[in-house]
Structure formats: C-alpha cells, structure tokens
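Engineer: Below is a structure I'd like to ask you about.
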Amino acid sequence: MTRVLTMVQEGKIDADKGSELIEVLKEKEATGNKVSVKPAKYLDKTIKIRVVSAENDNVTVNLPIKLVKAVLMAGQSIAASIPQSEKYVKDIDISLIIEAIENELDGQIVDIKSANGDTVSIIID
C-alpha cells in the first residue's frame with residue numbers, strides 16, 4: 001500500500017486510482033490472496049499505452065489484456081534498452097500494472113507528465 005501512496009504522491013497515478021488499488025489490496029489481503037477466474041468480458045478489454053514526447057518520438061500500443069500479462073516484463077526490458085524510449089519507461093511500475101490487470105481495474109492507471117511536455121499514459125479500456 002505504501003508503494004501505491006508513493007505513486008499518487010509522485011503523480012504517477014491519480015488519487016481515485018490509488019484509492020481503488022488500496023481497496024483491492026486490502027480485499028486481496030483479507031481473502032488470503034486467492035486467485036479468481038476473470039470473466040470473459042474483462043479479458044476482452046485492451047490495454048492502451050501512449051507516449052507523446054516533445055520531440056515527436058510518439059508511441060501508440062494497443063494490446064489485448066489476455067496477452068499483456070505474459071509479455072509485460074519482457075516489453076519493459078526491451079523498451080528500456082532502446083535509447084528513444086528508455087527515459088519514458090524507467091518510471092513505469094510494471095508490478096502495479098499487473099496488479100491493476102489482476103484486479104480488473106478500468107480507465108487510466110498511469111499518467112506521467114514531464115516538465116518538458118512528455119507524457120506517458122496507460123489505460124485499460
């Protein structure tokens with residue numbers, strides 16, 4: 001829960017998403033971290049990653065939720081090794097995104113804005 005509060009404080013997620021994540025974590029803790037089967041409707045959703053930079057190094061990625069969890073860690077390490085995207089992915093907490101997916105959160109789960117106008121958004125829709 002401390003990590004969620006830190007991300008809210010740093011502006012990586014908004015207070016509503018932070019509150020939602022904390023509630024999910026409390027519920028998960030209370031149920032003994034039981035894994036539940038996700039309804040097909042949620043698995044049909046898409047995770048959308050948007051990077052818009054001041055230098056026009058823009059990235060748009062749309063991935064089905066079914067695929068995301070399997071490739072999320074690999075994708076971050078690949079993006080972190082590419083000089084153009086390295087600075088954008090270093091602040092993304094992949095474990096928080098996986099937690100959001102596992103707990104069926106919707107909407108914007110990451111919103112990063114830099115001083116020079118660069119933005120990174122991750123949305124489950």
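By order in the structure tokens, chains are A, B, ...; within a chain, residues start at 1; ligands start at 1, following the order shown.
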Give me the residues near Pro64 in chain A as a list of chain:residue names, where near means some atom within 8 Å (using only C-alpha atoms) and where sequence neighbours in that chain fewer than 3 positions away do not count.
Structural biologist: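 Final neighbour list, sorted by chain and number: A:Leu43, A:Asp44, A:Lys45, A:Thr46, A:Ile47, A:Leu67, A:Val68.
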Engineer: Based on the selection just made, write all heavy atoms of those residues as an mmCIF file, in the first residue's frame.
Structural biologist:
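Result went into again-v4.cif, see below:
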```cif
data_model
loop_
_atom_site.group_PDB
_atom_site.id
_atom_site.type_symbol
_atom_site.label_atom_id
_atom_site.label_comp_id
_atom_site.auth_asym_id
_atom_site.auth_seq_id
_atom_site.Cartn_x
_atom_site.Cartn_y
_atom_site.Cartn_z
ATOM 1 N N LEU A 43 -11.488 -9.945 -19.949
ATOM 2 C CA LEU A 43 -10.375 -10.433 -20.763
ATOM 3 C C LEU A 43 -10.451 -9.948 -22.204
ATOM 4 O O LEU A 43 -9.462 -10.008 -22.921
ATOM 5 C CB LEU A 43 -10.317 -11.961 -20.710
ATOM 6 C CG LEU A 43 -9.947 -12.544 -19.350
ATOM 7 C CD1 LEU A 43 -10.021 -14.064 -19.390
ATOM 8 C CD2 LEU A 43 -8.571 -12.088 -18.897
ATOM 9 N N ASP A 44 -11.599 -9.445 -22.622
ATOM 10 C CA ASP A 44 -11.736 -8.905 -23.973
ATOM 11 C C ASP A 44 -11.309 -7.438 -24.062
ATOM 12 O O ASP A 44 -11.303 -6.855 -25.139
ATOM 13 C CB ASP A 44 -13.183 -9.037 -24.465
ATOM 14 C CG ASP A 44 -13.557 -10.479 -24.734
ATOM 15 O OD1 ASP A 44 -12.639 -11.294 -24.949
ATOM 16 O OD2 ASP A 44 -14.758 -10.796 -24.717
ATOM 17 N N LYS A 45 -10.957 -6.851 -22.940
ATOM 18 C CA LYS A 45 -10.543 -5.439 -22.932
ATOM 19 C C LYS A 45 -9.131 -5.284 -23.501
ATOM 20 O O LYS A 45 -8.426 -6.253 -23.733
ATOM 21 C CB LYS A 45 -10.605 -4.879 -21.522
ATOM 22 C CG LYS A 45 -12.026 -4.734 -21.023
ATOM 23 C CD LYS A 45 -12.069 -4.024 -19.706
ATOM 24 C CE LYS A 45 -13.493 -3.852 -19.270
ATOM 25 N NZ LYS A 45 -14.038 -2.565 -19.615
ATOM 26 N N THR A 46 -8.738 -4.025 -23.692
ATOM 27 C CA THR A 46 -7.442 -3.697 -24.271
ATOM 28 C C THR A 46 -6.687 -2.770 -23.336
ATOM 29 O O THR A 46 -7.284 -1.890 -22.712
ATOM 30 C CB THR A 46 -7.648 -2.986 -25.633
ATOM 31 O OG1 THR A 46 -8.400 -3.840 -26.490
ATOM 32 C CG2 THR A 46 -6.333 -2.641 -26.289
ATOM 33 N N ILE A 47 -5.396 -2.961 -23.247
ATOM 34 C CA ILE A 47 -4.555 -2.008 -22.530
ATOM 35 C C ILE A 47 -3.902 -1.126 -23.589
ATOM 36 O O ILE A 47 -3.371 -1.615 -24.586
ATOM 37 C CB ILE A 47 -3.522 -2.698 -21.615
ATOM 38 C CG1 ILE A 47 -2.856 -1.673 -20.693
ATOM 39 C CG2 ILE A 47 -2.499 -3.484 -22.388
ATOM 40 C CD1 ILE A 47 -2.118 -2.279 -19.531
ATOM 41 N N LEU A 67 -3.030 -10.954 -23.580
ATOM 42 C CA LEU A 67 -1.626 -11.025 -23.958
ATOM 43 C C LEU A 67 -0.716 -10.229 -23.029
ATOM 44 O O LEU A 67 0.446 -10.578 -22.835
ATOM 45 C CB LEU A 67 -1.489 -10.492 -25.398
ATOM 46 C CG LEU A 67 -0.097 -10.390 -25.992
ATOM 47 C CD1 LEU A 67 0.518 -11.774 -26.125
ATOM 48 C CD2 LEU A 67 -0.147 -9.698 -27.333
ATOM 49 N N VAL A 68 -1.248 -9.199 -22.444
ATOM 50 C CA VAL A 68 -0.432 -8.217 -21.715
ATOM 51 C C VAL A 68 0.400 -8.820 -20.601
ATOM 52 O O VAL A 68 1.604 -8.602 -20.536
ATOM 53 C CB VAL A 68 -1.311 -7.081 -21.154
ATOM 54 C CG1 VAL A 68 -0.532 -6.193 -20.213
ATOM 55 C CG2 VAL A 68 -1.863 -6.266 -22.300
#
```
Engineer: For range 23-124 of chain A versus range 1-19 of chain A, which residues have an atom no more than 10 Å away, and what is each residue's nearest atom pair and distance in Å rounded to one decimal, using only C-alpha atoms, chain-then-number order, as a tab-separated table?
Structural biologist:
```
residue	atom	partner	partner_atom	distance
A:Glu23	CA	A:Ser19	CA	6.3
A:Val24	CA	A:Ser19	CA	8.7
A:Leu25	CA	A:Met1	CA	7.3
A:Lys26	CA	A:Met1	CA	8.6
A:Asp91	CA	A:Lys12	CA	8.2
A:Ile92	CA	A:Lys12	CA	8.1
A:Asp93	CA	A:Met7	CA	8.8
A:Leu96	CA	A:Val4	CA	8.0
A:Ala100	CA	A:Lys17	CA	9.4
A:Leu105	CA	A:Lys17	CA	8.5
A:Asp106	CA	A:Lys17	CA	9.2
A:Gly107	CA	A:Lys17	CA	8.7
A:Gln108	CA	A:Lys17	CA	7.9
A:Ile109	CA	A:Ile13	CA	6.0
A:Val110	CA	A:Ile13	CA	5.1
A:Asp111	CA	A:Lys12	CA	5.3
A:Ile112	CA	A:Lys12	CA	5.2
A:Lys113	CA	A:Gly11	CA	8.3
A:Val120	CA	A:Lys12	CA	9.3
A:Ser121	CA	A:Lys12	CA	9.3
A:Ile122	CA	A:Ile13	CA	9.9
```
Engineer: Export, as a JSON list (two decimals), in the first residue's frame, the selected residues with N, CA and C atoms.
Structural biologist:
```
[["chain", "number", "residue", "atom", "x", "y", "z"],
["A", 23, "GLU", "N", -7.99, -0.35, -1.91],
["A", 23, "GLU", "CA", -9.15, -1.17, -1.54],
["A", 23, "GLU", "C", -9.00, -2.59, -2.06],
["A", 24, "VAL", "N", -8.52, -2.73, -3.29],
["A", 24, "VAL", "CA", -8.32, -4.05, -3.87],
["A", 24, "VAL", "C", -7.26, -4.81, -3.09],
["A", 25, "LEU", "N", -6.17, -4.13, -2.73],
["A", 25, "LEU", "CA", -5.11, -4.78, -1.95],
["A", 25, "LEU", "C", -5.62, -5.23, -0.58],
["A", 26, "LYS", "N", -6.43, -4.40, 0.06],
["A", 26, "LYS", "CA", -7.00, -4.77, 1.36],
["A", 26, "LYS", "C", -7.90, -6.00, 1.22],
["A", 91, "ASP", "N", 10.14, 5.09, -15.27],
["A", 91, "ASP", "CA", 9.27, 5.46, -14.16],
["A", 91, "ASP", "C", 7.98, 4.63, -14.10],
["A", 92, "ILE", "N", 7.80, 3.69, -14.99],
["A", 92, "ILE", "CA", 6.58, 2.88, -15.01],
["A", 92, "ILE", "C", 6.77, 1.67, -14.09],
["A", 93, "ASP", "N", 5.88, 1.51, -13.15],
["A", 93, "ASP", "CA", 5.91, 0.40, -12.20],
["A", 93, "ASP", "C", 5.11, -0.76, -12.78],
["A", 96, "LEU", "N", 2.67, -2.70, -10.55],
["A", 96, "LEU", "CA", 1.41, -2.01, -10.30],
["A", 96, "LEU", "C", 0.43, -2.25, -11.46],
["A", 100, "ALA", "N", -3.15, -4.10, -11.29],
["A", 100, "ALA", "CA", -4.38, -3.49, -11.82],
["A", 100, "ALA", "C", -5.11, -4.46, -12.75],
["A", 105, "LEU", "N", -9.12, -3.51, -12.90],
["A", 105, "LEU", "CA", -9.33, -2.06, -12.90],
["A", 105, "LEU", "C", -9.53, -1.56, -14.32],
["A", 106, "ASP", "N", -10.33, -0.53, -14.46],
["A", 106, "ASP", "CA", -10.59, 0.10, -15.75],
["A", 106, "ASP", "C", -10.10, 1.53, -15.73],
["A", 107, "GLY", "N", -9.96, 2.10, -16.91],
["A", 107, "GLY", "CA", -9.60, 3.51, -17.03],
["A", 107, "GLY", "C", -8.11, 3.73, -17.01],
["A", 108, "GLN", "N", -7.73, 4.96, -16.77],
["A", 108, "GLN", "CA", -6.32, 5.34, -16.79],
["A", 108, "GLN", "C", -5.65, 4.89, -15.48],
["A", 109, "ILE", "N", -4.59, 4.08, -15.61],
["A", 109, "ILE", "CA", -3.91, 3.59, -14.42],
["A", 109, "ILE", "C", -2.52, 4.20, -14.26],
["A", 110, "VAL", "N", -1.99, 4.80, -15.32],
["A", 110, "VAL", "CA", -0.71, 5.50, -15.24],
["A", 110, "VAL", "C", -0.84, 6.79, -16.03],
["A", 111, "ASP", "N", -0.37, 7.90, -15.45],
["A", 111, "ASP", "CA", -0.40, 9.20, -16.12],
["A", 111, "ASP", "C", 0.84, 9.96, -15.68],
["A", 112, "ILE", "N", 1.85, 9.98, -16.54],
["A", 112, "ILE", "CA", 3.11, 10.65, -16.22],
["A", 112, "ILE", "C", 3.27, 11.84, -17.16],
["A", 113, "LYS", "N", 3.58, 13.00, -16.59],
["A", 113, "LYS", "CA", 3.82, 14.20, -17.38],
["A", 113, "LYS", "C", 5.14, 14.82, -16.92],
["A", 120, "VAL", "N", 3.24, 9.95, -20.63],
["A", 120, "VAL", "CA", 3.06, 8.52, -20.76],
["A", 120, "VAL", "C", 1.72, 8.19, -20.10],
["A", 121, "SER", "N", 0.84, 7.51, -20.83],
["A", 121, "SER", "CA", -0.45, 7.12, -20.30],
["A", 121, "SER", "C", -0.66, 5.64, -20.54],
["A", 122, "ILE", "N", -1.21, 4.95, -19.55],
["A", 122, "ILE", "CA", -1.60, 3.55, -19.71],
["A", 122, "ILE", "C", -3.05, 3.47, -19.28]]
```
Engineer: Quick check for you: according to DSSP on this backbone, which residues of chain A are classed as helix (DSSP H, G or I)? Reply as a PyMOL selection string.
Structural biologist: chain A and resi 2-9+15-30+40-43+65-80+83-89+94-102
